[in-house]
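*Asks:* Sending over a structure as structure tokens; questions will come in a sec.
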Amino acid sequence: MTAAEVLQQYQDRLRELSAAADQARLHSSLAGLLLFLGVALFLTLGVYAIGRRVPAWTPAAVVPLVIAAAASYRHRRRGRYRAGRLRQTYLHAVERLQGDWAGGGESGEEFADPAHPYASDLNVFGEGSLFELLCTARTANGKRGLAEYLSIIPSLAETLARQEAVQELKDRTGIREQIAVLGEFEFLESRAETFTQWLDSPALTFNRTLQIALLLTSSLAGTLLLGGMSGLILWKTVAAYMIPLLGVHSAIGLMFRTRVNRMADWLRPVSLETQVLREGLRLMEAAQFQSPKLRGLMERMRGGSVSVRRLERLLNALNERNKEWFYLVSLVLMAGTQLSMAVENWRMRNREALRGWLEAWAEFEALNALANYAYENPENSLPQFGGEEAAFEAEALGHPLLPVGSCVRNDVALNARTRFYLVSGSNMAGKSTLLRAVGLNAVLALAGAPVRARRLRLSAGAVCASLSIVDSLLNGKSKFLTEMDKLRQALETAADGKQVLFLIDEILSGTNSQDRRIASEAVVRTLIERGAIGMLSTHDLALSEIAELEPLHGLNVHMASRSGGGPMDFDYLLKPGVTKEANALAIAKMAGVPV
């Protein structure tokens with residue numbers, strides 16, 4: 001399947017969903033009309049029954065019709081809403097395939113860390129970032145999982161396990177549709193922070209004997225009320241027993257009032273987020289997988305939906321207890337206190353299990369997002385890993401954030417023979433874009449995703465980049481000091497024995513040419529001696545001498561204007577040797593200087 005065929009498939013699905021939404025809207029209107037007529041008939045018959053113009057039981061005969069109409073209306077409304085949400089999902093998918101996705105999705109800014117070894121330099125987070133391109137996660141917990149996949153380099157074994165899982169999930173579009181419509185409403189969430197804050201809150205102890213006694217007295221009070229209402233027990237007898245029971249309940253209620261109120265504050269956000277989590281866990285439990293990674297996640301989530309369903313029912317009951325129709329009864333039966341006790345017991349039994357369910361779900365959504373990327377980019381290839389020495393060998397490598405039609409591809413071969421490229425060329429020639437293409441494809445590969453290349457073989461290791469260095473008044477760091485921190489990170493990572501891929505744009509540009517030449521050679525030499533490979537870009541042609549030093553095994557390459565074109569007519573292709581172009585006058589002319 002090609003990308004054009006995937007686009008056509010999405011557009012066909014959009015038409016199906018639009019038709020389904022129109023049909024659901026019609027059925028929903030009819031069900032609503034039927035419900036209105038049923039309620040009107042019930043009220044009319046009720047008035048006639050009061051006036052004894054019809055038998056007293058007549059209004060009750062309409063109740064089944066009203067209940068059926070209400071259920072049908074809710075079902076039709078949910079179907080309509082589901083079709084609308086799916087339609088929105090496919091609209092975003094079409095935008096991704098057409099290259100119009102930047103700025104319309106989840107930027108992931110909340111996960112950005114300026115001190116990260118490569119995230120800010122490679123545009124991993126932010127508007128128009130790799131995260132925005134990839135993120136199809138339904139929940140905040142899933143977004144966190146994807147962010148971790150893109151910012152934490154795993155072991156080679158973990159990368160290969162993810163790669164196998166992504167391939168299995170690639171064609172499971174049905175699962176992706178189910179995830180997209182989790183929860184009755186789109187605003188419902190499942191944030192790990194909401195649950196962890198509750199799980200980490202101080203334990204609220206309730207005496208077990210007192211819990212049993214309270215259950216017995218509440219049951220007795222409920223039995224007395226039902227007996228009195230049905231006429232089986234005289235109200236005089238009911239009152240005689242209820243007065244002491246109410247006294248006991250009042251004393252217990254005052255004893256636990258502070259604890260119950262504190263729990264209510266913790267549980268309000270949790271109660272809004274259990275449905276999405278429960279539906280997600282149930283989805284995983286019902287699925288069938290072959291890859292060890294997915295089977296492991298499924299095992300970690302097994303039984304979670306049933307347990308979370310119990311919690312959800314307790315929380316729903318706790319919310320209902322404050323409703324007007326049940327409030328007085330709940331006070332008599334101490335429903336709030338008993339439900340709070342039950343929720344606390346659930347928390348103590350399932351605390352660690354819930355953490356595991358949340359982590360497993362976050363991973364599954366991350367894998368599903370990578371699988372969706374693989375499905376929408378069928379021309380991408382699976383990277384290969386291997387070799388004891390650091391390597392990054394790619395054919396037809398392209399920048400994954402650029403539209404396919406305008407993406408220029410290059411071959412890159414960093415290995416034991418060529419340890420680094422020194423890329424020269426003028427501004428806008430494409431040097432930084434090339435370095436980011438290398439870095440982003442490495443991040444995708446290590447996360448377990450396919451890459452934008454005809455072929456890519458690389459070693460598992462660390463990525464360190466220094467491409468987007470700016471002054472930071474907030475942190476009190478100059479551009480030069482920030483760059484030194486980045487270089488120190490790369491050197492220390494390489495010293496730890498990891499196979500480092502370094503990517504450095506305009507190395508040490510904040511110092512004079514002579515010092516820059518000496519210091520840059522020292523940095524590169526140290527990185528190479530520690531087993532690293534990488535790329536440097538520069539305007540300073542004096543630095544090209546570093547690549548000619550035989551012990552460093554470097555290679556001078558450049559990017560320039562196309563043959564026969566003007567000085568700013570770039571073709572973005574990598575060429576051998578040092579650039580011989582000069583476009584100072586063209587740049588001055590762009591700035592409005594008469595030349």
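Note on naming: chains are A, B, ... as they come in the structure tokens, residues start from 1 per chain, ligands start from 1 in the order shown.
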Using only C-alpha atoms, which residues sit within 8 Å of region 132-142 of chain A once same-chain residues fewer than 3 positions away are excluded, as a ChimeraX atom specification?

*Replies:* /A:96,101-102,105-108,125-129,145-146,179-180,182,189-192,358,361-366,368-370,372-373,401

*Asks:* Any chance you could export the current selection's C-alpha atoms as a PDB file, in the first residue's frame?

*Replies:*
```
ATOM      1  CA  ARG A  96      -1.095  14.561   8.296  1.00  0.00           C
ATOM      2  CA  TRP A 101      -0.781  18.928  10.322  1.00  0.00           C
ATOM      3  CA  ALA A 102       1.586  21.420  11.988  1.00  0.00           C
ATOM      4  CA  GLY A 105      -2.471  18.782  17.116  1.00  0.00           C
ATOM      5  CA  GLU A 106      -0.846  18.114  20.474  1.00  0.00           C
ATOM      6  CA  SER A 107       2.462  19.961  20.665  1.00  0.00           C
ATOM      7  CA  GLY A 108       3.784  18.186  23.757  1.00  0.00           C
ATOM      8  CA  PHE A 125       8.407  18.738  21.226  1.00  0.00           C
ATOM      9  CA  GLY A 126       6.574  21.933  20.325  1.00  0.00           C
ATOM     10  CA  GLU A 127       4.492  23.178  17.430  1.00  0.00           C
ATOM     11  CA  GLY A 128       5.311  21.332  14.213  1.00  0.00           C
ATOM     12  CA  SER A 129       7.365  18.806  16.184  1.00  0.00           C
ATOM     13  CA  GLY A 145       4.012   7.418  27.352  1.00  0.00           C
ATOM     14  CA  LEU A 146       4.776   8.660  23.834  1.00  0.00           C
ATOM     15  CA  ILE A 179      -9.159   4.020  21.304  1.00  0.00           C
ATOM     16  CA  ALA A 180     -10.243   7.270  19.625  1.00  0.00           C
ATOM     17  CA  LEU A 182     -12.954   5.809  24.566  1.00  0.00           C
ATOM     18  CA  GLU A 189      -9.621  12.085  30.533  1.00  0.00           C
ATOM     19  CA  SER A 190      -7.261   9.568  32.084  1.00  0.00           C
ATOM     20  CA  ARG A 191      -4.280  11.423  33.513  1.00  0.00           C
ATOM     21  CA  ALA A 192      -1.716   9.424  35.417  1.00  0.00           C
ATOM     22  CA  LEU A 358      -1.508   3.118  34.108  1.00  0.00           C
ATOM     23  CA  TRP A 361      -1.708   1.660  29.144  1.00  0.00           C
ATOM     24  CA  ALA A 362       0.689   4.575  28.563  1.00  0.00           C
ATOM     25  CA  GLU A 363       3.074   2.210  26.756  1.00  0.00           C
ATOM     26  CA  PHE A 364       0.311   0.682  24.680  1.00  0.00           C
ATOM     27  CA  GLU A 365      -0.879   4.088  23.472  1.00  0.00           C
ATOM     28  CA  ALA A 366       2.724   5.029  22.625  1.00  0.00           C
ATOM     29  CA  ASN A 368      -0.186   2.442  18.881  1.00  0.00           C
ATOM     30  CA  ALA A 369       0.874   5.988  17.915  1.00  0.00           C
ATOM     31  CA  LEU A 370       4.085   4.651  16.359  1.00  0.00           C
ATOM     32  CA  ASN A 372      -0.269   4.602  13.164  1.00  0.00           C
ATOM     33  CA  TYR A 373       2.770   6.504  11.870  1.00  0.00           C
ATOM     34  CA  LEU A 401       8.681  16.358   9.398  1.00  0.00           C
TER      35      LEU A 401
END
```

*Asks:* Give me, as a PyMOL selection string, all polymer residues having an atom no more than 9 Å from region 465-467 of chain A, counting only C-alpha atoms and skipping those fewer than 6 positions away in the same chain.

*Replies:* chain A and resi 117-122+432+435-436+439+483+486-487+490+501-507

*Asks:* Among region 100-206 of chain A, which residues does DSSP mark as helix (DSSP H, G or I) when it is run on the backbone? Keep the chain and numbering as in the structure and answer as JSON, numbers by chain.

*Replies:* {"A": [109, 110, 111, 130, 131, 132, 133, 134, 140, 141, 142, 143, 144, 145, 146, 147, 148, 149, 150, 151, 156, 157, 158, 159, 160, 161, 162, 163, 164, 165, 166, 167, 168, 169, 173, 174, 175, 176, 177, 178, 179, 180, 192, 193, 194, 195, 196, 197, 198, 199]}

*Asks:* Write out as an MDAnalysis selection string all residues of region 248-460 of chain A that backbone DSSP assigns to strand (DSSP E or B).

*Replies:* chainID A and resid 381 384:385 392:397 410:414 420:424 451 455:458

*Asks:* List the neighbours of Glu379 (chain A) out to 9 Å using only C-alpha atoms; skip same-chain residues closer than 4 positions along the sequence, and give me the result as number ranges by chain.

*Replies:* A: 1-3, 374, 452-454

*Asks:* Keeping only all heavy atoms, write the selected residues to a file as a CSV table (one decimal), in the first residue's frame.

*Replies:*
```
chain,number,residue,atom,x,y,z
A,1,MET,N,0.8,-1.2,0.0
A,1,MET,CA,0.0,0.0,0.0
A,1,MET,C,0.9,1.2,0.0
A,1,MET,O,1.9,1.3,0.7
A,1,MET,CB,-0.9,0.0,1.2
A,1,MET,CG,-1.9,1.2,1.3
A,1,MET,SD,-3.0,1.1,2.7
A,1,MET,CE,-4.1,-0.2,2.3
A,2,THR,N,0.5,2.2,-0.8
A,2,THR,CA,1.2,3.5,-0.8
A,2,THR,C,0.5,4.6,0.0
A,2,THR,O,-0.6,4.4,0.5
A,2,THR,CB,1.3,4.0,-2.3
A,2,THR,OG1,-0.1,4.3,-2.7
A,2,THR,CG2,1.9,3.0,-3.2
A,3,ALA,N,1.2,5.7,0.2
A,3,ALA,CA,0.6,6.8,1.0
A,3,ALA,C,-0.6,7.3,0.3
A,3,ALA,O,-1.6,7.7,1.0
A,3,ALA,CB,1.6,7.9,1.2
A,374,ALA,N,3.5,4.3,11.2
A,374,ALA,CA,4.0,3.3,10.2
A,374,ALA,C,3.0,3.0,9.2
A,374,ALA,O,3.3,2.9,8.0
A,374,ALA,CB,4.4,2.0,11.0
A,452,ARG,N,12.3,7.4,7.8
A,452,ARG,CA,12.2,7.9,6.4
A,452,ARG,C,13.5,7.7,5.7
A,452,ARG,O,14.4,8.6,5.7
A,452,ARG,CB,11.8,9.4,6.4
A,452,ARG,CG,11.6,9.9,5.0
A,452,ARG,CD,11.0,11.3,4.9
A,452,ARG,NE,9.6,11.3,5.1
A,452,ARG,CZ,8.8,12.3,5.0
A,452,ARG,NH1,9.3,13.5,4.8
A,452,ARG,NH2,7.5,12.2,5.2
A,453,ALA,N,13.7,6.5,5.2
A,453,ALA,CA,14.9,6.2,4.4
A,453,ALA,C,14.6,4.9,3.7
A,453,ALA,O,13.8,4.1,4.1
A,453,ALA,CB,16.1,6.0,5.4
A,454,ARG,N,15.3,4.7,2.6
A,454,ARG,CA,15.2,3.5,1.8
A,454,ARG,C,15.8,2.4,2.6
A,454,ARG,O,15.3,1.2,2.7
A,454,ARG,CB,15.9,3.6,0.5
A,454,ARG,CG,15.7,2.3,-0.4
A,454,ARG,CD,16.5,2.4,-1.7
A,454,ARG,NE,16.2,3.6,-2.4
A,454,ARG,CZ,17.1,4.5,-2.8
A,454,ARG,NH1,18.4,4.3,-2.5
A,454,ARG,NH2,16.8,5.6,-3.5
```

*Asks:* Return the single residue from A:Pro59, A:Gly448, A:Gly79, A:Gly84 that is closest to Ala165 (chain A), with distances computed using only C-alpha atoms.

*Replies:*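 Result for the nearest residue to Ala165 (chain A): A:Gly448.
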
*Asks:* Mind giving me the straight-line distance from CA of Pro450 (chain A) to CA of Val124 (chain A) in Å, one decimal?

*Replies:*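 Distance between the two atoms: 16.1 Å.
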
*Asks:* Skipping near chain neighbours, those fewer than 6 positions away, what residues fall within 7 Å of region 73-77 of chain A using only C-alpha atoms, listed as a CSV table (one decimal) with N, CA and C atoms, in the first residue's frame?

*Replies:*
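The result, written out as part-v5.csv:
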```
chain,number,residue,atom,x,y,z
A,24,ALA,N,-27.5,8.7,12.2
A,24,ALA,CA,-27.6,8.7,13.7
A,24,ALA,C,-28.4,10.0,14.2
A,27,HIS,N,-32.1,9.2,13.5
A,27,HIS,CA,-32.6,8.3,14.5
A,27,HIS,C,-32.7,8.9,15.9
A,28,SER,N,-31.7,9.7,16.2
A,28,SER,CA,-31.7,10.4,17.5
A,28,SER,C,-32.9,11.3,17.6
A,31,ALA,N,-36.0,9.2,18.1
A,31,ALA,CA,-36.1,8.7,19.5
A,31,ALA,C,-36.4,9.8,20.5
A,32,GLY,N,-35.9,11.0,20.3
A,32,GLY,CA,-36.2,12.1,21.1
A,32,GLY,C,-37.7,12.4,21.1
```

*Asks:* Taking 3 positions as the minimum chain separation for residues in the same chain, which residues sit within 7 Å of region 267-273 of chain A when counting only C-alpha atoms? Answer as JSON, numbers by chain.

*Replies:* {"A": [188, 189, 190, 194, 195, 263, 264, 276, 277, 312, 315]}

*Asks:* Rounded to one decimal, what separation in Å do you get between CA of Asp496 (chain A) and CA of Leu527 (chain A)?

*Replies:*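 That distance, rounded to one decimal, is 11.6 Å.
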
*Asks:* Could you pull the residues within 8 Å of Glu168 (chain A), counting only C-alpha atoms, minus those fewer than 5 positions along the same chain, as JSON, numbers by chain?

*Replies:* {"A": [289, 290, 291]}

*Asks:* Please produce a file of the residues just selected, as a CSV table (one decimal), in the first residue's frame, where the atoms kept are N, CA and C atoms.

*Replies:*
```
chain,number,residue,atom,x,y,z
A,289,PHE,N,-2.8,-10.7,20.8
A,289,PHE,CA,-1.6,-10.3,20.3
A,289,PHE,C,-0.6,-11.5,20.2
A,290,GLN,N,0.4,-11.3,19.3
A,290,GLN,CA,1.5,-12.3,19.2
A,290,GLN,C,2.8,-11.9,19.7
A,291,SER,N,3.1,-10.6,19.6
A,291,SER,CA,4.5,-10.1,20.0
A,291,SER,C,4.6,-10.2,21.5
```

*Asks:* Could you check the closest approach to Arg351 (chain A) for each of A:Ala203, A:Ala56, A:Val524, A:Ile212 and tell me which residue wins, using only C-alpha atoms?

*Replies:* A:Ala203
